[in-house]
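*Asks:* To be precise about what I am sending: the file is called final-v5.pdb and holds PDB, C-alpha atoms.
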```pdb
ATOM      1  CA  GLY T 141      13.946  -2.590  -9.402  1.00  0.00           C
ATOM      2  CA  GLU T 142      10.337  -2.442 -10.473  1.00  0.00           C
ATOM      3  CA  ASN T 143       8.828   0.843 -11.649  1.00  0.00           C
ATOM      4  CA  VAL T 144       5.064   1.175 -11.851  1.00  0.00           C
ATOM      5  CA  GLU T 145       3.489   4.101 -13.680  1.00  0.00           C
ATOM      6  CA  GLN T 146      -0.195   4.947 -13.399  1.00  0.00           C
ATOM      7  CA  HIS T 147      -2.460   7.170 -15.492  1.00  0.00           C
ATOM      8  CA  PRO T 148      -4.428   9.328 -15.256  1.00  0.00           C
ATOM      9  CA  SER T 149      -3.694  11.001 -11.945  1.00  0.00           C
ATOM     10  CA  THR T 150      -7.251  12.339 -11.753  1.00  0.00           C
ATOM     11  CA  LEU T 151     -10.413  11.136 -13.435  1.00  0.00           C
ATOM     12  CA  SER T 152     -13.948  12.501 -13.302  1.00  0.00           C
ATOM     13  CA  VAL T 153     -16.880  10.588 -14.729  1.00  0.00           C
ATOM     14  CA  GLN T 154     -20.633  10.943 -14.657  1.00  0.00           C
ATOM     15  CA  GLU T 155     -22.520   8.457 -12.540  1.00  0.00           C
ATOM     16  CA  GLY T 156     -23.310   5.412 -14.630  1.00  0.00           C
ATOM     17  CA  ASP T 157     -20.392   5.863 -17.007  1.00  0.00           C
ATOM     18  CA  SER T 158     -17.319   3.644 -17.086  1.00  0.00           C
ATOM     19  CA  ALA T 159     -13.895   4.477 -15.695  1.00  0.00           C
ATOM     20  CA  VAL T 160     -10.584   3.065 -16.877  1.00  0.00           C
ATOM     21  CA  ILE T 161      -7.256   3.382 -15.080  1.00  0.00           C
ATOM     22  CA  LYS T 162      -4.049   2.173 -16.703  1.00  0.00           C
ATOM     23  CA  CYS T 163      -0.715   1.055 -15.304  1.00  0.00           C
ATOM     24  CA  THR T 164       2.568  -0.050 -16.814  1.00  0.00           C
ATOM     25  CA  TYR T 165       5.369  -1.949 -15.142  1.00  0.00           C
ATOM     26  CA  SER T 166       9.011  -2.404 -16.010  1.00  0.00           C
ATOM     27  CA  ASP T 167      10.084  -5.757 -14.560  1.00  0.00           C
ATOM     28  CA  SER T 168       9.024  -8.686 -16.725  1.00  0.00           C
ATOM     29  CA  ALA T 169       9.436 -10.971 -13.684  1.00  0.00           C
ATOM     30  CA  SER T 170       6.446  -9.339 -11.966  1.00  0.00           C
ATOM     31  CA  ASN T 171       3.552 -11.766 -11.847  1.00  0.00           C
ATOM     32  CA  TYR T 172       1.043 -10.404  -9.359  1.00  0.00           C
ATOM     33  CA  PHE T 173      -0.952  -7.218  -9.885  1.00  0.00           C
ATOM     34  CA  PRO T 174      -3.372  -6.026  -7.193  1.00  0.00           C
ATOM     35  CA  TRP T 175      -5.533  -2.940  -7.163  1.00  0.00           C
ATOM     36  CA  TYR T 176      -6.241  -1.051  -3.964  1.00  0.00           C
ATOM     37  CA  LYS T 177      -8.953   1.505  -3.229  1.00  0.00           C
ATOM     38  CA  GLN T 178      -8.296   4.182  -0.649  1.00  0.00           C
ATOM     39  CA  GLU T 179     -11.107   6.406   0.543  1.00  0.00           C
ATOM     40  CA  LEU T 180     -10.215   9.722   2.095  1.00  0.00           C
ATOM     41  CA  GLY T 181      -8.425   9.223   5.391  1.00  0.00           C
ATOM     42  CA  LYS T 182      -8.812   5.464   5.328  1.00  0.00           C
ATOM     43  CA  ARG T 183      -6.685   2.408   4.706  1.00  0.00           C
ATOM     44  CA  PRO T 184      -5.937   1.016   1.246  1.00  0.00           C
ATOM     45  CA  GLN T 185      -8.189  -1.954   0.621  1.00  0.00           C
ATOM     46  CA  LEU T 186      -7.657  -4.684  -1.923  1.00  0.00           C
ATOM     47  CA  ILE T 187     -10.494  -4.681  -4.451  1.00  0.00           C
ATOM     48  CA  ILE T 188      -9.235  -7.062  -7.107  1.00  0.00           C
ATOM     49  CA  ASP T 189      -6.018  -8.715  -8.189  1.00  0.00           C
ATOM     50  CA  ILE T 190      -4.743 -10.649 -11.174  1.00  0.00           C
ATOM     51  CA  ARG T 191      -1.894 -13.061 -11.648  1.00  0.00           C
ATOM     52  CA  SER T 192       0.185 -13.413 -14.765  1.00  0.00           C
ATOM     53  CA  ASN T 193      -1.333 -16.727 -15.797  1.00  0.00           C
ATOM     54  CA  VAL T 194      -4.629 -15.033 -16.761  1.00  0.00           C
ATOM     55  CA  GLY T 195      -5.442 -12.117 -19.028  1.00  0.00           C
ATOM     56  CA  GLU T 196      -8.659 -10.863 -17.458  1.00  0.00           C
ATOM     57  CA  LYS T 197     -10.597 -11.129 -14.232  1.00  0.00           C
ATOM     58  CA  LYS T 198     -14.039  -9.805 -13.331  1.00  0.00           C
ATOM     59  CA  ASP T 199     -15.838  -9.191 -10.079  1.00  0.00           C
ATOM     60  CA  GLN T 200     -19.272  -7.632 -10.569  1.00  0.00           C
ATOM     61  CA  ARG T 201     -18.687  -4.064 -11.849  1.00  0.00           C
ATOM     62  CA  ILE T 202     -14.911  -4.294 -11.628  1.00  0.00           C
ATOM     63  CA  ALA T 203     -12.596  -5.948 -14.107  1.00  0.00           C
ATOM     64  CA  VAL T 204      -8.858  -6.021 -14.576  1.00  0.00           C
ATOM     65  CA  THR T 205      -6.969  -6.862 -17.764  1.00  0.00           C
ATOM     66  CA  LEU T 206      -3.320  -7.775 -18.132  1.00  0.00           C
ATOM     67  CA  ASN T 207      -1.107  -7.628 -21.193  1.00  0.00           C
ATOM     68  CA  LYS T 208       2.170  -9.329 -20.277  1.00  0.00           C
ATOM     69  CA  THR T 209       3.799  -8.652 -23.611  1.00  0.00           C
ATOM     70  CA  ALA T 210       3.231  -4.925 -23.361  1.00  0.00           C
ATOM     71  CA  LYS T 211       3.668  -4.954 -19.576  1.00  0.00           C
ATOM     72  CA  HIS T 212       0.517  -3.074 -18.814  1.00  0.00           C
ATOM     73  CA  PHE T 213      -2.647  -3.734 -16.877  1.00  0.00           C
ATOM     74  CA  SER T 214      -5.873  -1.816 -16.466  1.00  0.00           C
ATOM     75  CA  LEU T 215      -8.760  -1.437 -14.055  1.00  0.00           C
ATOM     76  CA  HIS T 216     -12.244  -1.067 -15.496  1.00  0.00           C
ATOM     77  CA  ILE T 217     -15.206   0.070 -13.420  1.00  0.00           C
ATOM     78  CA  THR T 218     -18.591  -0.035 -15.117  1.00  0.00           C
ATOM     79  CA  GLU T 219     -21.816   1.674 -14.061  1.00  0.00           C
ATOM     80  CA  THR T 220     -19.923   3.925 -11.687  1.00  0.00           C
ATOM     81  CA  GLN T 221     -21.581   5.096  -8.500  1.00  0.00           C
ATOM     82  CA  PRO T 222     -20.728   8.010  -6.170  1.00  0.00           C
ATOM     83  CA  GLU T 223     -19.351   5.552  -3.608  1.00  0.00           C
ATOM     84  CA  ASP T 224     -16.707   4.530  -6.165  1.00  0.00           C
ATOM     85  CA  SER T 225     -15.098   7.946  -5.607  1.00  0.00           C
ATOM     86  CA  ALA T 226     -11.688   7.294  -4.057  1.00  0.00           C
ATOM     87  CA  VAL T 227      -8.008   7.043  -4.907  1.00  0.00           C
ATOM     88  CA  TYR T 228      -7.107   3.837  -6.716  1.00  0.00           C
ATOM     89  CA  PHE T 229      -3.604   2.380  -6.641  1.00  0.00           C
ATOM     90  CA  CYS T 230      -2.193  -0.305  -8.881  1.00  0.00           C
ATOM     91  CA  ALA T 231       0.752  -2.390  -7.746  1.00  0.00           C
ATOM     92  CA  ALA T 232       3.109  -5.050  -9.004  1.00  0.00           C
ATOM     93  CA  SER T 233       5.018  -7.796  -7.295  1.00  0.00           C
ATOM     94  CA  GLN T 234       6.662 -11.115  -8.029  1.00  0.00           C
ATOM     95  CA  THR T 235       6.899 -14.469  -6.365  1.00  0.00           C
ATOM     96  CA  GLY T 236       9.228 -14.347  -3.428  1.00  0.00           C
ATOM     97  CA  ALA T 237       9.517 -10.568  -3.538  1.00  0.00           C
ATOM     98  CA  ASN T 238       9.495  -8.685  -0.301  1.00  0.00           C
ATOM     99  CA  ASN T 239       7.070  -5.958  -1.172  1.00  0.00           C
ATOM    100  CA  LEU T 240       4.601  -4.422  -3.573  1.00  0.00           C
ATOM    101  CA  PHE T 241       5.579  -1.587  -5.866  1.00  0.00           C
ATOM    102  CA  PHE T 242       2.751   0.919  -6.081  1.00  0.00           C
ATOM    103  CA  GLY T 243       1.705   3.358  -8.747  1.00  0.00           C
ATOM    104  CA  THR T 244       1.164   6.980  -7.783  1.00  0.00           C
ATOM    105  CA  GLY T 245      -2.601   6.680  -7.634  1.00  0.00           C
ATOM    106  CA  THR T 246      -5.651   7.897  -9.537  1.00  0.00           C
ATOM    107  CA  ARG T 247      -8.195  10.094  -7.837  1.00  0.00           C
ATOM    108  CA  LEU T 248     -11.577   9.045  -9.246  1.00  0.00           C
ATOM    109  CA  THR T 249     -14.548  11.338  -8.783  1.00  0.00           C
ATOM    110  CA  VAL T 250     -17.984  10.103  -9.771  1.00  0.00           C
ATOM    111  CA  ILE T 251     -20.339  13.005 -10.348  1.00  0.00           C
ATOM    112  CA  PRO T 252     -23.952  12.281  -9.359  1.00  0.00           C
TER
ATOM    113  CA  ASN R 522     -10.359 -11.046  13.446  1.00  0.00           C
ATOM    114  CA  ALA R 523      -9.479  -7.460  14.325  1.00  0.00           C
ATOM    115  CA  GLY R 524      -7.366  -6.917  11.255  1.00  0.00           C
ATOM    116  CA  VAL R 525      -4.123  -4.968  11.226  1.00  0.00           C
ATOM    117  CA  MET R 526      -4.088  -2.595  14.181  1.00  0.00           C
ATOM    118  CA  GLN R 527      -2.014   0.557  14.198  1.00  0.00           C
ATOM    119  CA  ASN R 528      -1.575   3.140  16.917  1.00  0.00           C
ATOM    120  CA  PRO R 529      -1.565   5.941  17.457  1.00  0.00           C
ATOM    121  CA  ARG R 530      -3.845   7.022  14.622  1.00  0.00           C
ATOM    122  CA  HIS R 531      -2.587  10.568  14.900  1.00  0.00           C
ATOM    123  CA  LEU R 532       0.674  11.773  16.397  1.00  0.00           C
ATOM    124  CA  VAL R 533       1.983  15.323  16.667  1.00  0.00           C
ATOM    125  CA  ARG R 534       5.642  15.921  17.397  1.00  0.00           C
ATOM    126  CA  ARG R 535       7.902  18.943  17.461  1.00  0.00           C
ATOM    127  CA  ARG R 536      11.101  18.984  15.466  1.00  0.00           C
ATOM    128  CA  GLY R 537      13.810  16.982  17.216  1.00  0.00           C
ATOM    129  CA  GLN R 538      11.446  14.732  19.150  1.00  0.00           C
ATOM    130  CA  GLU R 539      11.022  11.012  18.651  1.00  0.00           C
ATOM    131  CA  ALA R 540       8.035   9.287  17.092  1.00  0.00           C
ATOM    132  CA  ARG R 541       7.084   5.657  17.753  1.00  0.00           C
ATOM    133  CA  LEU R 542       4.448   3.980  15.653  1.00  0.00           C
ATOM    134  CA  ARG R 543       3.066   0.548  16.502  1.00  0.00           C
ATOM    135  CA  CYS R 544       1.572  -2.173  14.377  1.00  0.00           C
ATOM    136  CA  SER R 545      -0.043  -5.452  15.357  1.00  0.00           C
ATOM    137  CA  PRO R 546      -0.506  -7.738  12.345  1.00  0.00           C
ATOM    138  CA  MET R 547      -3.586  -9.780  11.644  1.00  0.00           C
ATOM    139  CA  LYS R 548      -3.888 -12.934  13.673  1.00  0.00           C
ATOM    140  CA  GLY R 549      -1.833 -15.652  12.031  1.00  0.00           C
ATOM    141  CA  HIS R 550       0.274 -13.204  10.012  1.00  0.00           C
ATOM    142  CA  SER R 551       3.980 -13.142  10.743  1.00  0.00           C
ATOM    143  CA  HIS R 552       5.113 -10.825   7.959  1.00  0.00           C
ATOM    144  CA  VAL R 553       4.940  -7.078   8.502  1.00  0.00           C
ATOM    145  CA  TYR R 554       5.578  -4.260   6.047  1.00  0.00           C
ATOM    146  CA  TRP R 555       5.795  -0.528   6.598  1.00  0.00           C
ATOM    147  CA  TYR R 556       4.883   1.971   3.900  1.00  0.00           C
ATOM    148  CA  ARG R 557       5.000   5.752   3.900  1.00  0.00           C
ATOM    149  CA  GLN R 558       2.480   7.910   2.095  1.00  0.00           C
ATOM    150  CA  LEU R 559       3.196  11.578   1.592  1.00  0.00           C
ATOM    151  CA  PRO R 560       0.226  13.884   0.917  1.00  0.00           C
ATOM    152  CA  GLU R 561      -1.184  13.356  -2.577  1.00  0.00           C
ATOM    153  CA  GLU R 562       1.354  10.619  -3.314  1.00  0.00           C
ATOM    154  CA  GLY R 563       1.470   6.849  -3.534  1.00  0.00           C
ATOM    155  CA  LEU R 564       2.694   4.294  -1.045  1.00  0.00           C
ATOM    156  CA  LYS R 565       6.440   3.911  -0.735  1.00  0.00           C
ATOM    157  CA  PHE R 566       7.913   0.735   0.700  1.00  0.00           C
ATOM    158  CA  MET R 567      10.108   1.229   3.736  1.00  0.00           C
ATOM    159  CA  VAL R 568      10.838  -2.084   5.447  1.00  0.00           C
ATOM    160  CA  TYR R 569       9.769  -5.722   5.636  1.00  0.00           C
ATOM    161  CA  LEU R 570      10.103  -7.705   8.837  1.00  0.00           C
ATOM    162  CA  GLN R 571       9.394 -11.119  10.198  1.00  0.00           C
ATOM    163  CA  LYS R 572       9.482 -11.934  13.890  1.00  0.00           C
ATOM    164  CA  GLU R 573      12.845 -10.786  15.285  1.00  0.00           C
ATOM    165  CA  ASN R 574      14.293 -10.258  11.804  1.00  0.00           C
ATOM    166  CA  ILE R 575      14.567  -7.389   9.367  1.00  0.00           C
ATOM    167  CA  ILE R 576      14.327  -8.990   5.933  1.00  0.00           C
ATOM    168  CA  ASP R 577      14.442  -5.955   3.663  1.00  0.00           C
ATOM    169  CA  GLU R 578      15.023  -2.359   4.705  1.00  0.00           C
ATOM    170  CA  SER R 579      15.937  -1.034   1.291  1.00  0.00           C
ATOM    171  CA  GLY R 580      13.274   1.688   1.470  1.00  0.00           C
ATOM    172  CA  MET R 581      14.231   2.951   4.889  1.00  0.00           C
ATOM    173  CA  PRO R 582      16.212   6.200   5.208  1.00  0.00           C
ATOM    174  CA  LYS R 583      19.690   5.389   6.474  1.00  0.00           C
ATOM    175  CA  GLU R 584      19.520   7.761   9.417  1.00  0.00           C
ATOM    176  CA  ARG R 585      16.976   8.390  12.164  1.00  0.00           C
ATOM    177  CA  PHE R 586      14.619   5.578  11.100  1.00  0.00           C
ATOM    178  CA  SER R 587      14.555   2.104  12.585  1.00  0.00           C
ATOM    179  CA  ALA R 588      12.095  -0.753  12.802  1.00  0.00           C
ATOM    180  CA  GLU R 589      11.700  -3.873  14.868  1.00  0.00           C
ATOM    181  CA  PHE R 590       9.303  -6.773  15.236  1.00  0.00           C
ATOM    182  CA  PRO R 591      10.069  -8.478  18.539  1.00  0.00           C
ATOM    183  CA  LYS R 592       9.152 -12.009  19.467  1.00  0.00           C
ATOM    184  CA  GLU R 593       6.396 -10.635  21.674  1.00  0.00           C
ATOM    185  CA  GLY R 594       4.431  -7.496  20.978  1.00  0.00           C
ATOM    186  CA  PRO R 595       3.810  -5.255  18.001  1.00  0.00           C
ATOM    187  CA  SER R 596       6.155  -4.086  15.311  1.00  0.00           C
ATOM    188  CA  ILE R 597       7.506  -0.612  15.988  1.00  0.00           C
ATOM    189  CA  LEU R 598       8.663   2.022  13.528  1.00  0.00           C
ATOM    190  CA  ARG R 599      10.827   4.555  15.296  1.00  0.00           C
ATOM    191  CA  ILE R 600      11.788   7.955  13.940  1.00  0.00           C
ATOM    192  CA  GLN R 601      14.355   9.877  15.915  1.00  0.00           C
ATOM    193  CA  GLN R 602      14.881  13.656  15.774  1.00  0.00           C
ATOM    194  CA  VAL R 603      11.877  14.171  13.540  1.00  0.00           C
ATOM    195  CA  VAL R 604      11.895  16.886  10.885  1.00  0.00           C
ATOM    196  CA  ARG R 605       8.996  18.503   9.029  1.00  0.00           C
ATOM    197  CA  GLY R 606       9.633  16.294   6.004  1.00  0.00           C
ATOM    198  CA  ASP R 607       8.752  13.243   8.094  1.00  0.00           C
ATOM    199  CA  SER R 608       5.115  14.390   8.219  1.00  0.00           C
ATOM    200  CA  ALA R 609       3.205  11.666   6.431  1.00  0.00           C
ATOM    201  CA  ALA R 610       0.850   8.757   6.873  1.00  0.00           C
ATOM    202  CA  TYR R 611       2.657   5.576   7.838  1.00  0.00           C
ATOM    203  CA  PHE R 612       0.843   2.395   6.911  1.00  0.00           C
ATOM    204  CA  CYS R 613       1.583  -1.043   8.191  1.00  0.00           C
ATOM    205  CA  ALA R 614       0.514  -4.154   6.304  1.00  0.00           C
ATOM    206  CA  SER R 615       0.744  -7.832   7.062  1.00  0.00           C
ATOM    207  CA  SER R 616       0.622 -11.065   5.103  1.00  0.00           C
ATOM    208  CA  PRO R 617       0.267 -14.726   6.027  1.00  0.00           C
ATOM    209  CA  ARG R 618       3.179 -16.955   6.931  1.00  0.00           C
ATOM    210  CA  GLY R 619       4.903 -18.018   3.719  1.00  0.00           C
ATOM    211  CA  GLN R 620       3.918 -17.358   0.157  1.00  0.00           C
ATOM    212  CA  GLY R 621       2.443 -20.705  -0.738  1.00  0.00           C
ATOM    213  CA  LEU R 622       2.100 -21.946  -4.271  1.00  0.00           C
ATOM    214  CA  SER R 623       0.508 -18.714  -5.379  1.00  0.00           C
ATOM    215  CA  GLY R 624       3.625 -16.911  -4.328  1.00  0.00           C
ATOM    216  CA  ALA R 625       2.081 -13.480  -4.207  1.00  0.00           C
ATOM    217  CA  ASN R 626       2.182 -10.820  -1.549  1.00  0.00           C
ATOM    218  CA  VAL R 627      -1.457 -10.362  -0.602  1.00  0.00           C
ATOM    219  CA  LEU R 628      -1.203  -7.510   1.850  1.00  0.00           C
ATOM    220  CA  THR R 629      -3.783  -6.342   4.333  1.00  0.00           C
ATOM    221  CA  PHE R 630      -3.287  -2.771   5.464  1.00  0.00           C
ATOM    222  CA  GLY R 631      -3.903  -1.084   8.767  1.00  0.00           C
ATOM    223  CA  ALA R 632      -5.669   2.258   9.068  1.00  0.00           C
ATOM    224  CA  GLY R 633      -2.385   4.140   9.230  1.00  0.00           C
ATOM    225  CA  SER R 634      -0.681   6.495  11.637  1.00  0.00           C
ATOM    226  CA  ARG R 635      -0.624  10.125  10.614  1.00  0.00           C
ATOM    227  CA  LEU R 636       2.464  11.920  11.865  1.00  0.00           C
ATOM    228  CA  THR R 637       2.537  15.698  11.931  1.00  0.00           C
ATOM    229  CA  VAL R 638       5.795  17.428  12.757  1.00  0.00           C
ATOM    230  CA  LEU R 639       5.456  21.028  13.881  1.00  0.00           C
TER
END
```
Represent the structure from my file as structure tokens, please.
*Replies:*
Amino acid sequence: GENVEQHPSTLSVQEGDSAVIKCTYSDSASNYFPWYKQELGKRPQLIIDIRSNVGEKKDQRIAVTLNKTAKHFSLHITETQPEDSAVYFCAASQTGANNLFFGTGTRLTVIP
Amino acid sequence: NAGVMQNPRHLVRRRGQEARLRCSPMKGHSHVYWYRQLPEEGLKFMVYLQKENIIDESGMPKERFSAEFPKEGPSILRIQQVVRGDSAAYFCASSPRGQGLSGANVLTFGAGSRLTVL
């Protein structure tokens, strides 16, 4: 089955700096890669996703890149703000699959 | 649209008791997924159900755990004879009927049910 690895497990940045979280996956058939943000005690919420037919996607301060050859994808947050502090999970899935395979999460702390 | 509704939000059980967690998917969603999240860990897939059918239970422990999604009513995750190791947050997610041309599992999560076993 699919194995998703995520790094780093914790990340602290100064407000205004950029944050990068990286994930690798093992199954070359995976073609859908969402990112979820989970604030303390709350539900995971989808913040951005990318499909294998594109290499990059942006949404305001958030961007995701995908390298299918190397089987890795990354989340980039620019101009970080304290409200970006949360745990971020990457995931991988494929067409027709029954579930998402999640990484172990990155706890991002943005220091004011 | 009320989103994915889970209850109870918090449940305390003593060892050996039963825990029942309920999940109502988003309106129009007929696919339900249960995930378990241990403290400081990621989300682990447990089971995927459609109405009246278990499609994939490969992540479900073989004993004491069961799930159902009846024709009427919410999906239920049932844990019998709970042990301390069952303490976790249990998240339900739902997705729309079918995968469509995009073919991807866009999941919407509920707020979770936090089970504490004393």
*Asks:* Kindly resolve the PyMOL selection byres ((chain T) within 6 of (chain R)) on the present coordinates and return the residues as an MDAnalysis selection string.
*Replies:* chainID T and resid 182:183 235 244:245
*Asks:* Going by the chain IDs and residue numbers used in this file, which residues fall under the PyMOL selection byres ((chain T and resi 161-167) around 7)? Write them as a list in words.
*Replies:*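 Here the PyMOL selection byres ((chain T and resi 161-167) around 7) matches Glu142, Asn143, Val144, Glu145, Gln146, His147, Pro148, Ala159, Val160, Ser168, Ala169, Ser170, Lys211, His212, Phe213, Ser214, Leu215, His216 and Cys230 of chain T.
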*Asks:* Hey, can you spit out that residue selection with C-alpha atoms as a PDB file, in the frame of the given file?
*Replies:*
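Result file is selection_3.pdb:
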```pdb
ATOM      1  CA  GLU T 142      10.337  -2.442 -10.473  1.00  0.00           C
ATOM      2  CA  ASN T 143       8.828   0.843 -11.649  1.00  0.00           C
ATOM      3  CA  VAL T 144       5.064   1.175 -11.851  1.00  0.00           C
ATOM      4  CA  GLU T 145       3.489   4.101 -13.680  1.00  0.00           C
ATOM      5  CA  GLN T 146      -0.195   4.947 -13.399  1.00  0.00           C
ATOM      6  CA  HIS T 147      -2.460   7.170 -15.492  1.00  0.00           C
ATOM      7  CA  PRO T 148      -4.428   9.328 -15.256  1.00  0.00           C
ATOM      8  CA  ALA T 159     -13.895   4.477 -15.695  1.00  0.00           C
ATOM      9  CA  VAL T 160     -10.584   3.065 -16.877  1.00  0.00           C
ATOM     10  CA  SER T 168       9.024  -8.686 -16.725  1.00  0.00           C
ATOM     11  CA  ALA T 169       9.436 -10.971 -13.684  1.00  0.00           C
ATOM     12  CA  SER T 170       6.446  -9.339 -11.966  1.00  0.00           C
ATOM     13  CA  LYS T 211       3.668  -4.954 -19.576  1.00  0.00           C
ATOM     14  CA  HIS T 212       0.517  -3.074 -18.814  1.00  0.00           C
ATOM     15  CA  PHE T 213      -2.647  -3.734 -16.877  1.00  0.00           C
ATOM     16  CA  SER T 214      -5.873  -1.816 -16.466  1.00  0.00           C
ATOM     17  CA  LEU T 215      -8.760  -1.437 -14.055  1.00  0.00           C
ATOM     18  CA  HIS T 216     -12.244  -1.067 -15.496  1.00  0.00           C
ATOM     19  CA  CYS T 230      -2.193  -0.305  -8.881  1.00  0.00           C
TER      20      CYS T 230
END
```
*Asks:* Which residue gives the smallest distance to R:Leu532 among R:Ile575, R:Met547, R:Ile597, R:Leu639, with only C-alpha atoms counted?
*Replies:*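 Checking each of R:Ile575, R:Met547, R:Ile597, R:Leu639 against R:Leu532, counting only C-alpha atoms, the winner is R:Leu639.
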*Asks:* Please enumerate the residues selected by the PyMOL selection byres ((chain T and resi 192-199) around 10) when evaluated against the supplied file, formatted as a tab-separated table (two decimals) with C-alpha atoms, keeping the file's coordinate frame.
*Replies:*
```
chain	number	residue	atom	x	y	z
T	169	ALA	CA	9.44	-10.97	-13.68
T	170	SER	CA	6.45	-9.34	-11.97
T	171	ASN	CA	3.55	-11.77	-11.85
T	172	TYR	CA	1.04	-10.40	-9.36
T	173	PHE	CA	-0.95	-7.22	-9.88
T	187	ILE	CA	-10.49	-4.68	-4.45
T	188	ILE	CA	-9.24	-7.06	-7.11
T	189	ASP	CA	-6.02	-8.72	-8.19
T	190	ILE	CA	-4.74	-10.65	-11.17
T	191	ARG	CA	-1.89	-13.06	-11.65
T	200	GLN	CA	-19.27	-7.63	-10.57
T	201	ARG	CA	-18.69	-4.06	-11.85
T	202	ILE	CA	-14.91	-4.29	-11.63
T	203	ALA	CA	-12.60	-5.95	-14.11
T	204	VAL	CA	-8.86	-6.02	-14.58
T	205	THR	CA	-6.97	-6.86	-17.76
T	206	LEU	CA	-3.32	-7.78	-18.13
T	207	ASN	CA	-1.11	-7.63	-21.19
T	208	LYS	CA	2.17	-9.33	-20.28
T	213	PHE	CA	-2.65	-3.73	-16.88
T	214	SER	CA	-5.87	-1.82	-16.47
T	215	LEU	CA	-8.76	-1.44	-14.06
T	216	HIS	CA	-12.24	-1.07	-15.50
T	217	ILE	CA	-15.21	0.07	-13.42
T	234	GLN	CA	6.66	-11.12	-8.03
```
*Asks:* Using only C-alpha atoms, pick whichever of T:Thr246, T:Gly141, T:Ala226, T:Val153 has the shortest atom-to-atom distance to T:Glu179.
*Replies:*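 Closest residue, counting only C-alpha atoms: T:Ala226.
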*Asks:* Could you tell me how far atom CA of R:Arg530 sits from atom CA of R:Gln571, in Å to one decimal place?
*Replies:*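 Taking atom CA of R:Gln571 and atom CA of R:Arg530, their separation equals 22.9 Å.
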*Asks:* For atom CA of R:Asn528 and atom CA of T:Ala231, quote the distance in Å rounded to one decimal.
*Replies:* 25.4 Å
*Asks:* Counting all atoms listed in the file, which of T:Pro174, T:Gly181, T:Thr150, T:Pro222 gets nearest to T:Ile251?
*Replies:*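 Counting all atoms listed in the file, the residue closest to T:Ile251 is T:Pro222.
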*Asks:* What gap, in Å, lies between atom CA of R:Met526 and atom CA of R:Glu593?
*Replies:* 15.2 Å
*Asks:* Write out as a count of residues only the residues lying within 8 Å of T:Tyr228, counting only C-alpha atoms and excluding same-chain residues fewer than 6 positions away.
*Replies:* 8
*Asks:* With N, CA, C and O atoms as the target, complete stretch 546-556 of chain R and hand it back as a short mmCIF file (atom, residue, chain, number, x, y, z; two decimals), keeping the file's coordinate frame.
*Replies:*
```cif
data_model
loop_
_atom_site.label_atom_id
_atom_site.label_comp_id
_atom_site.auth_asym_id
_atom_site.auth_seq_id
_atom_site.Cartn_x
_atom_site.Cartn_y
_atom_site.Cartn_z
N PRO R 546 0.01 -7.11 13.57
CA PRO R 546 -0.51 -7.74 12.34
C PRO R 546 -1.78 -8.52 12.62
O PRO R 546 -2.17 -8.76 13.76
N MET R 547 -2.42 -8.92 11.53
CA MET R 547 -3.59 -9.78 11.64
C MET R 547 -3.19 -11.08 12.33
O MET R 547 -2.06 -11.55 12.21
N LYS R 548 -4.14 -11.66 13.00
CA LYS R 548 -3.89 -12.93 13.67
C LYS R 548 -3.44 -13.96 12.63
O LYS R 548 -4.05 -14.10 11.56
N GLY R 549 -2.34 -14.64 12.95
CA GLY R 549 -1.83 -15.65 12.03
C GLY R 549 -0.85 -15.12 11.01
O GLY R 549 -0.24 -15.89 10.27
N HIS R 550 -0.69 -13.79 10.94
CA HIS R 550 0.27 -13.20 10.01
C HIS R 550 1.59 -12.96 10.74
O HIS R 550 1.60 -12.37 11.82
N SER R 551 2.69 -13.36 10.10
CA SER R 551 3.98 -13.14 10.74
C SER R 551 4.90 -12.26 9.90
O SER R 551 6.08 -12.13 10.20
N HIS R 552 4.33 -11.69 8.83
CA HIS R 552 5.11 -10.82 7.96
C HIS R 552 4.53 -9.43 8.05
O HIS R 552 3.32 -9.25 7.86
N VAL R 553 5.38 -8.46 8.33
CA VAL R 553 4.94 -7.08 8.50
C VAL R 553 5.71 -6.16 7.56
O VAL R 553 6.93 -6.34 7.38
N TYR R 554 5.00 -5.22 6.98
CA TYR R 554 5.58 -4.26 6.05
C TYR R 554 5.19 -2.85 6.49
O TYR R 554 4.06 -2.63 6.92
N TRP R 555 6.10 -1.93 6.34
CA TRP R 555 5.80 -0.53 6.60
C TRP R 555 5.92 0.25 5.29
O TRP R 555 6.91 0.10 4.55
N TYR R 556 4.90 1.09 5.06
CA TYR R 556 4.88 1.97 3.90
C TYR R 556 4.66 3.40 4.37
O TYR R 556 3.97 3.65 5.36
#
```
